[in-house]
file structure.txt (compact mmCIF, C-alpha atoms)
# COMPACT_ATOMS: atom_id res chain seq x y z
CA MET G 9 -4.70 -29.65 13.18
CA GLY G 10 -3.04 -27.35 10.71
CA LEU G 11 -0.75 -27.22 7.77
CA ALA G 12 1.45 -29.85 9.37
CA SER G 13 -1.21 -32.33 8.34
CA LEU G 14 -1.48 -30.87 4.87
CA ALA G 15 2.23 -30.59 4.19
CA THR G 16 5.08 -32.51 5.66
CA THR G 17 7.83 -34.00 3.54
CA ALA G 18 8.10 -34.03 -0.22
CA SER G 19 6.83 -37.20 -1.80
CA PRO G 20 5.81 -38.45 -5.24
CA ALA G 21 2.26 -38.63 -3.87
CA SER G 22 2.11 -34.89 -4.25
CA GLY G 23 1.80 -35.55 -7.97
CA GLY G 24 4.60 -33.50 -9.48
CA SER G 25 7.50 -31.12 -9.08
CA LYS G 26 7.27 -27.81 -7.27
CA GLU G 27 6.98 -26.01 -10.60
CA GLN G 28 4.14 -28.28 -11.76
CA LEU G 29 2.29 -27.87 -8.48
CA PHE G 30 2.72 -24.12 -8.63
CA ALA G 31 1.38 -24.13 -12.19
CA GLU G 32 -1.62 -26.06 -10.85
CA VAL G 33 -2.14 -23.42 -8.15
CA THR G 34 -1.89 -20.67 -10.76
CA ALA G 35 -4.35 -22.45 -13.04
CA ASN G 36 -6.94 -23.46 -10.44
CA CYS G 37 -6.65 -21.27 -7.38
CA THR G 38 -6.27 -17.76 -8.78
CA GLY G 39 -9.90 -16.84 -8.06
CA LEU G 40 -9.80 -18.38 -4.60
CA ILE G 41 -6.61 -16.52 -3.63
CA THR G 42 -7.89 -13.23 -5.06
CA ARG G 43 -11.18 -13.50 -3.18
CA ILE G 44 -9.53 -14.43 0.12
CA ALA G 45 -7.23 -11.42 -0.27
CA LEU G 46 -10.26 -9.26 -1.12
CA SER G 47 -11.93 -10.22 2.14
CA TYR G 48 -8.98 -8.76 4.09
CA GLU G 49 -7.72 -5.83 2.02
CA ALA G 50 -9.90 -3.14 0.47
CA ASP G 51 -7.09 -1.20 -1.18
CA ALA G 52 -6.37 -2.54 -4.69
CA VAL G 53 -2.63 -1.80 -4.63
CA LEU G 54 -2.11 -3.31 -1.19
CA ARG G 55 -4.26 -6.28 -2.22
CA ARG G 56 -1.95 -6.95 -5.15
CA GLU G 57 1.02 -6.91 -2.77
CA LEU G 58 -0.85 -9.28 -0.46
CA ILE G 59 -1.58 -11.66 -3.35
CA GLN G 60 2.10 -11.61 -4.23
CA GLU G 61 2.98 -12.46 -0.61
CA ILE G 62 0.46 -15.31 -0.63
CA LEU G 63 1.90 -16.72 -3.87
CA LEU G 64 5.42 -16.50 -2.47
CA ALA G 65 4.34 -18.30 0.71
CA ILE G 66 2.67 -21.01 -1.39
CA TRP G 67 5.85 -21.41 -3.45
CA VAL G 68 7.96 -21.74 -0.29
CA ALA G 69 5.50 -24.24 1.26
CA LEU G 70 5.07 -26.37 -1.88
CA GLY G 71 8.40 -28.04 -1.19
CA SER G 72 6.76 -29.79 1.72
CA PHE G 73 3.37 -30.50 0.12
CA ARG G 74 2.61 -34.19 0.49
CA GLY G 75 -0.71 -34.30 -1.27
CA GLU G 76 -2.79 -35.52 1.65
CA ALA G 77 -5.17 -32.63 1.10
CA SER G 78 -6.16 -31.06 -2.19
CA ILE G 79 -3.99 -28.30 -3.60
CA LYS G 80 -6.99 -25.96 -3.19
CA THR G 81 -7.19 -26.69 0.57
CA PHE G 82 -3.41 -26.22 0.81
CA ALA G 83 -3.52 -22.88 -1.02
CA ALA G 84 -6.52 -21.64 1.01
CA SER G 85 -4.79 -22.53 4.27
CA ILE G 86 -1.68 -20.54 3.41
CA ALA G 87 -3.69 -17.65 1.99
CA GLN G 88 -5.77 -17.32 5.17
CA LYS G 89 -2.72 -17.24 7.43
CA ARG G 90 -0.84 -14.83 5.21
CA CYS G 91 -3.87 -12.54 5.22
CA ILE G 92 -4.10 -12.57 9.03
CA SER G 93 -0.40 -11.72 9.15
CA HIS G 94 -1.09 -8.87 6.71
CA VAL G 95 -3.94 -7.54 8.88
CA THR G 96 -1.64 -7.25 11.87
CA LYS G 97 0.76 -5.16 9.81
CA ARG G 98 -0.96 -2.80 7.48
CA ALA G 99 -4.50 -3.59 6.35
CA ARG G 100 -6.53 -0.44 6.00
CA GLU G 101 -10.03 0.07 7.25
CA PRO G 102 -12.67 -1.28 4.85
CA ARG G 103 -13.92 1.33 2.46
CA GLN G 104 -15.67 1.68 -0.86
CA VAL G 105 -14.35 -1.11 -3.06
CA GLU G 106 -13.93 -0.35 -6.73
CA LEU G 107 -14.83 -3.40 -8.74
CA PRO G 108 -13.19 -4.14 -12.07
CA PRO G 109 -15.47 -3.09 -14.96
CA ASP G 110 -15.46 -6.58 -16.50
CA LEU G 111 -16.50 -8.34 -13.29
CA VAL G 112 -19.92 -9.36 -14.59
CA SER G 113 -20.61 -10.75 -18.03
CA GLY G 114 -22.31 -8.40 -20.49
CA SER G 115 -25.33 -10.62 -21.19
CA PRO G 116 -27.88 -9.32 -18.62
CA PRO G 117 -29.49 -5.88 -19.10
CA PRO G 118 -27.45 -2.87 -17.79
CA ASP G 119 -29.77 -2.18 -14.81
CA GLU G 120 -29.43 -5.79 -13.73
CA ILE G 121 -25.63 -5.54 -14.04
CA ALA G 122 -25.66 -2.39 -11.91
CA LEU G 123 -27.84 -4.05 -9.29
CA ARG G 124 -25.63 -7.14 -9.23
CA ASN G 125 -22.48 -5.00 -8.95
CA ASP G 126 -24.03 -3.06 -6.09
CA GLN G 127 -24.99 -6.28 -4.31
CA LYS G 128 -21.49 -7.63 -4.78
CA ARG G 129 -19.92 -4.42 -3.47
CA ARG G 130 -22.16 -4.49 -0.40
CA LEU G 131 -21.37 -8.16 0.21
CA VAL G 132 -17.62 -7.56 -0.02
CA GLU G 133 -17.84 -4.59 2.35
CA SER G 134 -19.93 -6.59 4.82
CA ILE G 135 -17.48 -9.49 4.74
CA GLN G 136 -14.59 -7.10 5.35
CA ARG G 137 -16.40 -5.82 8.45
CA LEU G 138 -16.88 -9.25 10.04
CA PRO G 139 -14.58 -10.23 12.95
CA VAL G 140 -11.60 -12.15 11.53
CA PRO G 141 -12.54 -15.56 13.05
CA GLN G 142 -15.99 -15.35 11.43
CA ARG G 143 -14.62 -13.88 8.23
CA GLU G 144 -12.16 -16.69 7.59
CA ALA G 145 -14.88 -19.27 8.21
CA ILE G 146 -17.54 -17.68 5.98
CA VAL G 147 -15.12 -17.07 3.10
CA LEU G 148 -14.10 -20.75 3.10
CA CYS G 149 -17.78 -21.70 3.35
CA PHE G 150 -18.60 -19.56 0.29
CA GLU G 151 -15.67 -21.17 -1.51
CA GLY G 152 -17.33 -24.55 -1.07
CA PHE G 153 -15.03 -26.20 1.49
CA SER G 154 -16.55 -28.86 3.76
CA TYR G 155 -16.60 -28.36 7.53
CA GLY G 156 -13.87 -31.01 7.83
CA GLU G 157 -11.61 -29.21 5.35
CA MET G 158 -12.29 -25.90 7.02
CA ALA G 159 -11.43 -27.40 10.40
CA ASP G 160 -8.06 -28.52 8.97
CA ILE G 161 -7.39 -25.09 7.51
CA LEU G 162 -8.45 -23.10 10.58
CA GLY G 163 -7.05 -25.44 13.21
CA ILE G 164 -10.35 -25.81 15.10
CA THR G 165 -13.00 -28.55 15.40
CA PRO G 166 -15.67 -29.04 12.69
CA ASN G 167 -18.29 -28.21 15.30
CA ALA G 168 -16.63 -24.87 16.06
CA VAL G 169 -16.43 -24.19 12.31
CA MET G 170 -20.13 -24.81 11.95
CA LEU G 171 -20.96 -22.45 14.80
CA ARG G 172 -18.68 -19.74 13.39
CA CYS G 173 -20.27 -20.07 9.97
CA GLN G 174 -23.75 -19.79 11.45
CA ARG G 175 -22.85 -16.66 13.37
CA ALA G 176 -21.10 -15.19 10.34
CA LYS G 177 -24.10 -15.87 8.09
CA SER G 178 -26.41 -14.28 10.57
CA SER G 179 -24.19 -11.17 11.00
CA LEU G 180 -23.75 -10.92 7.23
CA LYS G 181 -27.47 -11.09 6.60
CA SER G 182 -28.26 -8.36 9.12
CA MET G 183 -25.45 -6.17 7.75
CA MET G 184 -26.71 -6.61 4.19
CA GLU G 185 -30.25 -5.73 5.25
CA ARG G 186 -29.12 -2.61 7.13
CA ARG G 187 -27.08 -1.20 4.24
CA MET K 259 -34.76 -16.39 10.76
CA MET K 260 -32.05 -17.19 8.28
CA ILE K 261 -33.25 -17.69 4.74
CA GLU K 262 -30.93 -20.24 3.17
CA ARG K 263 -31.78 -19.06 -0.34
CA GLU K 264 -30.33 -15.64 0.51
CA ILE K 265 -27.14 -17.25 1.77
CA ASP K 266 -26.92 -19.30 -1.43
CA ASP K 267 -27.30 -16.06 -3.33
CA PHE K 268 -24.41 -14.57 -1.31
CA THR K 269 -22.32 -17.61 -2.22
CA LEU K 270 -23.16 -17.16 -5.87
CA LEU K 271 -22.28 -13.47 -5.73
CA TRP K 272 -19.02 -14.19 -3.94
CA THR K 273 -17.83 -16.93 -6.23
CA GLU K 274 -18.75 -15.18 -9.44
CA GLU K 275 -15.88 -15.35 -11.86
CA VAL K 276 -13.08 -12.91 -11.00
CA GLY K 277 -12.71 -10.38 -13.80
CA SER K 278 -10.34 -11.41 -16.57
CA GLU K 279 -8.26 -8.27 -16.04
CA GLU K 280 -7.74 -9.12 -12.36
CA GLU K 281 -6.97 -12.74 -13.25
CA GLN K 282 -4.33 -11.68 -15.79
CA ILE K 283 -2.66 -9.53 -13.14
CA VAL K 284 -2.55 -12.40 -10.66
CA ARG K 285 -1.13 -14.72 -13.31
CA LYS K 286 1.59 -12.19 -14.09
CA LEU K 287 2.39 -11.93 -10.38
CA ALA K 288 2.56 -15.72 -10.17
CA GLY K 289 4.97 -15.77 -13.11
CA ARG K 290 7.38 -13.53 -11.23
CA ILE K 291 7.19 -15.47 -7.97
CA GLY K 292 9.56 -18.21 -9.12
CA LEU K 293 12.29 -15.65 -9.79
CA ARG K 294 11.67 -13.83 -6.51
CA ALA K 295 11.79 -17.11 -4.57
CA GLN K 296 15.09 -18.02 -6.25
CA LEU K 297 16.48 -14.62 -5.27
CA LEU K 298 15.47 -15.20 -1.67
CA ARG K 299 17.03 -18.65 -1.74
CA TYR K 300 20.34 -17.17 -2.90
CA ALA K 301 20.23 -14.32 -0.34
CA ASP K 302 22.64 -16.25 1.90
CA TYR K 303 25.15 -16.66 -0.94
CA GLY K 304 24.74 -12.96 -1.67
CA ILE K 305 25.62 -11.94 1.86
CA ALA K 306 28.59 -14.35 1.97
CA LEU K 307 29.87 -12.84 -1.26
CA ALA K 308 29.38 -9.28 -0.01
CA VAL K 309 31.14 -9.98 3.30
CA SER K 310 34.05 -11.72 1.53
CA GLY K 311 34.33 -8.82 -0.92
CA GLY K 312 34.26 -6.33 1.93
CA ILE K 313 37.02 -8.17 3.80
CA ALA K 314 39.13 -8.43 0.65
CA LEU K 315 38.71 -4.72 0.05
CA LEU K 316 39.73 -3.96 3.64
CA VAL K 317 42.82 -6.14 3.32
CA LEU K 318 43.85 -4.67 -0.02
CA THR K 319 43.38 -1.06 0.99
CA ASP K 320 44.46 0.79 4.07
CA GLY K 321 42.63 3.45 6.01
CA SER K 322 40.66 6.46 4.84
CA GLY K 323 37.76 6.57 2.39
CA ALA K 324 38.13 3.06 0.98
CA THR K 325 37.89 1.53 4.46
CA ALA K 326 34.84 3.63 5.28
CA LEU K 327 33.20 2.64 1.99
CA SER K 328 33.97 -1.01 2.65
CA ALA K 329 32.48 -0.79 6.15
CA LEU K 330 29.39 0.89 4.75
CA LEU K 331 29.00 -1.88 2.15
CA LEU K 332 29.25 -4.52 4.88
CA VAL K 333 26.62 -2.77 6.99
CA LEU K 334 24.29 -2.47 3.98
CA ALA K 335 24.79 -6.14 3.08
CA MET K 336 24.08 -7.21 6.64
CA GLY K 337 20.95 -5.05 6.78
CA TRP K 338 19.68 -6.40 3.48
CA SER K 339 20.33 -9.99 4.53
CA THR K 340 18.55 -9.50 7.88
CA TRP K 341 15.55 -7.99 6.11
CA LYS K 342 15.34 -10.88 3.65
CA ARG K 343 15.74 -13.46 6.40
CA GLN K 344 12.97 -11.79 8.36
CA ALA K 345 10.68 -11.98 5.30
CA LEU K 346 11.42 -15.68 4.81
CA TRP K 347 11.09 -16.42 8.50
CA GLU K 348 7.67 -14.78 8.49
CA VAL K 349 6.55 -16.92 5.56
CA GLU K 350 7.78 -20.06 7.33
CA MET K 351 5.96 -19.01 10.50
CA ASN K 352 2.75 -18.60 8.49
CA VAL K 353 3.13 -21.99 6.87
CA ALA K 354 3.89 -23.80 10.14
CA ALA K 355 1.13 -22.24 12.26
CA ALA K 356 -1.81 -24.47 13.10
CA GLY K 357 -4.42 -21.76 12.55
CA GLY K 358 -5.13 -18.06 12.97
CA GLU K 359 -4.95 -18.09 16.77
CA ALA K 360 -1.64 -20.00 16.86
CA LEU K 361 -0.25 -17.67 14.22
CA LEU K 362 -1.18 -14.60 16.26
CA GLU K 363 0.36 -16.10 19.39
CA LYS K 364 3.67 -16.56 17.56
CA ALA K 365 3.42 -13.12 15.96
CA GLU K 366 2.85 -11.55 19.38
CA ALA K 367 5.90 -13.28 20.87
CA SER K 368 7.98 -12.22 17.88
CA GLY K 369 6.68 -8.63 18.09
CA ARG K 370 7.49 -8.40 21.80
CA ALA K 371 11.01 -9.69 21.16
CA ARG K 372 11.51 -7.11 18.38
CA LEU K 373 10.18 -4.35 20.62
CA LYS K 374 12.64 -5.37 23.33
CA ARG K 375 15.53 -5.38 20.85
CA THR K 376 14.53 -1.95 19.55
CA ASN K 377 14.32 -0.54 23.08
CA VAL K 378 17.75 -1.97 23.93
CA SER K 379 19.16 -0.49 20.70
CA LEU K 380 17.63 2.89 21.49
CA SER K 381 19.06 3.01 25.00
CA ALA K 382 22.46 1.69 23.84
CA LEU K 383 22.82 4.05 20.88
CA MET K 384 24.29 7.06 22.71
CA PRO K 385 26.68 5.08 24.97
CA ALA K 386 27.79 3.07 21.91
CA PHE K 387 28.44 6.30 20.01
CA LEU K 388 30.53 7.76 22.86
CA LEU K 389 32.45 4.50 23.28
CA SER K 390 33.14 4.33 19.54
CA LEU K 391 34.48 7.91 19.74
CA TRP K 392 36.78 6.91 22.59
CA PHE K 393 38.04 3.69 20.99
CA GLY K 394 38.26 5.29 17.55
CA ALA K 395 40.41 8.11 18.91
CA ARG K 396 42.59 5.67 20.90
CA LEU K 397 43.07 3.52 17.80
CA TYR K 398 44.73 6.34 15.95
CA HIS K 399 46.26 8.04 19.02
CA PRO K 400 47.19 5.45 21.65
CA GLU K 401 48.82 8.20 23.72
CA LEU K 402 45.35 9.54 24.71
CA ASP K 403 44.97 8.38 28.31
CA SER K 404 42.33 10.54 29.94
CA LEU K 405 38.99 12.10 29.11
CA ALA K 406 40.61 15.53 29.28
CA GLU K 407 43.10 14.49 26.59
CA LEU K 408 40.29 13.04 24.48
CA GLN K 409 38.35 16.31 24.82
CA ALA K 410 41.37 18.28 23.74
CA TYR K 411 41.86 15.95 20.77
CA LEU K 412 38.20 16.19 19.73
CA ARG K 413 38.39 19.99 19.78
CA GLY K 414 40.88 19.67 16.95
CA VAL K 415 38.59 17.49 14.82
CA PRO K 416 36.86 19.40 11.97
CA VAL K 417 33.25 20.48 12.68
CA ARG K 418 32.20 18.78 9.42
CA ALA K 419 33.05 15.36 10.84
CA PHE K 420 30.93 16.01 13.93
CA ALA K 421 28.05 17.24 11.80
CA GLY K 422 28.22 14.05 9.70
CA ALA K 423 28.28 11.85 12.79
CA GLY K 424 25.40 13.84 14.28
CA ILE K 425 23.27 13.35 11.16
CA VAL K 426 23.93 9.60 11.19
CA LEU K 427 23.08 9.44 14.90
CA ILE K 428 19.85 11.40 14.48
CA GLY K 429 18.94 9.22 11.48
CA LEU K 430 19.47 6.08 13.54
CA PHE K 431 17.39 7.50 16.39
CA ALA K 432 14.58 8.41 14.01
CA PHE K 433 14.69 4.96 12.39
CA LEU K 434 14.57 3.17 15.76
CA LEU K 435 11.76 5.38 17.07
CA ARG K 436 9.76 4.76 13.89
CA SER K 437 10.35 1.00 14.22
CA ARG K 438 9.23 1.10 17.83
CA ARG K 439 6.00 2.91 16.92
CA SER K 440 5.34 0.49 14.08
CA ILE K 441 5.92 -2.59 16.28
CA ALA K 442 3.73 -1.13 19.04
CA GLY K 443 0.94 -0.60 16.47
CA GLU K 444 1.37 -4.15 15.21
CA LEU K 445 1.20 -5.52 18.77
CA GLN K 446 -1.97 -3.55 19.40
CA ARG K 447 -3.63 -4.97 16.27
CA ILE K 448 -2.50 -8.48 17.23
CA GLY K 449 -4.03 -7.95 20.69
CA GLU K 450 -7.34 -6.86 19.14
CA LEU K 451 -7.40 -9.86 16.82
CA ARG K 452 -6.60 -12.24 19.68
CA ASP K 453 -9.52 -10.73 21.61
CA GLU K 454 -11.79 -11.50 18.63
CA TYR K 455 -10.62 -15.13 18.66
CA ARG K 456 -11.06 -15.38 22.45
CA LEU K 457 -14.59 -14.04 22.14
CA GLU K 458 -15.41 -16.62 19.45
CA SER K 459 -13.94 -19.44 21.58
CA ARG K 460 -15.99 -18.32 24.59
CA ARG K 461 -19.15 -18.33 22.46
CA GLU K 462 -18.31 -21.81 21.16
CA ARG K 463 -17.73 -23.14 24.67
CA SER K 464 -20.96 -21.65 25.97
CA PHE K 465 -23.01 -23.11 23.13

call {"tool": "encode", "arguments": {"input": "structure.txt", "output": "structure tokens"}}
result
Amino acid sequence: MGLASLATTASPASGGSKEQLFAEVTANCTGLITRIALSYEADAVLRRELIQEILLAIWVALGSFRGEASIKTFAASIAQKRCISHVTKRAREPRQVELPPDLVSGSPPPDEIALRNDQKRRLVESIQRLPVPQREAIVLCFEGFSYGEMADILGITPNAVMLRCQRAKSSLKSMMERR
Amino acid sequence: MMIEREIDDFTLLWTEEVGSEEEQIVRKLAGRIGLRAQLLRYADYGIALAVSGGIALLVLTDGSGATALSALLLVLAMGWSTWKRQALWEVEMNVAAAGGEALLEKAEASGRARLKRTNVSLSALMPAFLLSLWFGARLYHPELDSLAELQAYLRGVPVRAFAGAGIVLIGLFAFLLRSRRSIAGELQRIGELRDEYRLESRRERSF
């Protein structure tokens, strides 16, 4: 099962015009899209281009969004596929990722912020090193999707999703421990 | 053994709020998407307009520089339109695919087709150039009947014209060779990704 089940023909059930739906994506899925792109592209400039491509693909696909799945599932599905397409073309090898300075709130003490930033950097790098099938599963898992939703997005069975997530978690944990 | 608390901590780290600076950038990008999508939608009208304009220019003018300019405009418009169509087609392919593996399968088929087209273009470039020389010369001088006559005629053509044609030919060769290398690289990456998916499927089946 794939996007065909998430989007077919336009209908009022989708809950608004293309512009309204796109505004909803912009309002609610910005973080999700940014993080999915981050898991595939380490270079900040190329990542921005990738995000733009994802947004364009979402805009094109919204015309056929029927509202059977949530807009978040719809956006994640398109983002994942667009990212795979990007990887086949020009994704660079994972490397040191520069995190924005305002990534973490200023409330904890500076050493704690530094530690948290370092953990986050290591996590991002480890995710970027996972095989793509495991990477797409673990990112959706971290984003809080259910196995059923992930199965719809990835076009595999919920059981296969669960197994991929388990393997990804295990690889991620060993990578994080090694680093 | 997997410690679930650690995994929960990973989840927390991963989903931590994206920085406001990054979010602003994405919102700005989103704001421009509507305009870009409209431009893509009107690409077909753009090419129709360019082709009509080119034809009108050809009809209104005769020969020489204006004709060459018009032909160049048509070629540029066609190239631009093909590029835009390819971009849209790729987006549609992404949207329609049933998952990563299906997407890669389609991308591989498309890549192989493009590689084939590029190879055909590369091998046809020189014969096409020679044929265009022959037909071009015959168009202006129908009395040219043999290769010897054509040779004699070409000897009278200014060296500058040959140099220009040579540069265009070399440019086309370089462009096609670069495309072929880029497509071959893309196909290799697709193959590697498909192997990763196959490995995962084998693991799932053996579980």

call {"tool": "residues_around", "arguments": {"input": "structure.txt", "residues": "Gly369 in chain K", "least_positions_apart": "2", "cutoff": "9 Å", "atoms": "all atoms listed in the file", "output": "PyMOL selection string"}}
result
chain K and resi 364-367+371-374+441-442+444-445

call {"tool": "interface_residues", "arguments": {"input": "structure.txt", "of": "chain G", "to": "chain K", "cutoff": "8 Å", "atoms": "all atoms listed in the file", "output": "PyMOL selection string"}}
result
chain G and resi 9-12+34+38-39+42-43+56+59-60+63-65+67-69+86+88-90+92-93+95-97+108-112+124+127-128+131-132+139-141+150-151+161-164+168+171-172+177-178+181

call {"tool": "atom_distance", "arguments": {"input": "structure.txt", "atom1": "CA of Ser72 in chain G", "atom2": "CA of Ser339 in chain K"}}
result
24.2 Å

call {"tool": "residues_near_point", "arguments": {"input": "structure.txt", "point": "(31.6, -5.1, 4.3)", "cutoff": "6 Å", "atoms": "only C-alpha atoms", "output": "PDB file with C-alpha atoms, in the frame of the given file"}}
result
ATOM      1  CA  VAL K 309      31.140  -9.980   3.300  1.00  0.00           C
ATOM      2  CA  GLY K 312      34.260  -6.330   1.930  1.00  0.00           C
ATOM      3  CA  SER K 328      33.970  -1.010   2.650  1.00  0.00           C
ATOM      4  CA  ALA K 329      32.480  -0.790   6.150  1.00  0.00           C
ATOM      5  CA  LEU K 331      29.000  -1.880   2.150  1.00  0.00           C
ATOM      6  CA  LEU K 332      29.250  -4.520   4.880  1.00  0.00           C
TER       7      LEU K 332
END

call {"tool": "atom_distance", "arguments": {"input": "structure.txt", "atom1": "CA of Leu327 in chain K", "atom2": "CA of Glu407 in chain K"}}
result
29.0 Å

call {"tool": "atom_distance", "arguments": {"input": "structure.txt", "atom1": "CA of Leu40 in chain G", "atom2": "CA of Leu297 in chain K"}}
result
26.6 Å

call {"tool": "closest_residue", "arguments": {"input": "structure.txt", "among": "K:Leu388, K:Leu402, K:Leu380, K:Leu397", "to": "Leu434 in chain K", "atoms": "only C-alpha atoms"}}
result
K:Leu380

call {"tool": "residues_around", "arguments": {"input": "structure.txt", "residues": "Pro166 in chain G", "least_positions_apart": "2", "cutoff": "9 Å", "atoms": "all atoms listed in the file", "output": "VMD selection string"}}
result
chain G and resid 154 to 160 164 168 to 171

call {"tool": "residues_near_point", "arguments": {"input": "structure.txt", "point": "(23.2, 8.5, 16.1)", "cutoff": "12 Å", "atoms": "only C-alpha atoms", "output": "PyMOL selection string"}}
result
chain K and resi 379-388+390-391+420-435

call {"tool": "residues_around", "arguments": {"input": "structure.txt", "residues": "Leu70 in chain G", "least_positions_apart": "3", "cutoff": "8 Å", "atoms": "only C-alpha atoms", "output": "ChimeraX atom specification"}}
result
/G:15,26,29-30,66-67,73

call {"tool": "closest_residue", "arguments": {"input": "structure.txt", "among": "G:Ser85, G:Asn125, G:Asn36, G:Gln142", "to": "Ser179 in chain G", "atoms": "only C-alpha atoms"}}
result
G:Gln142
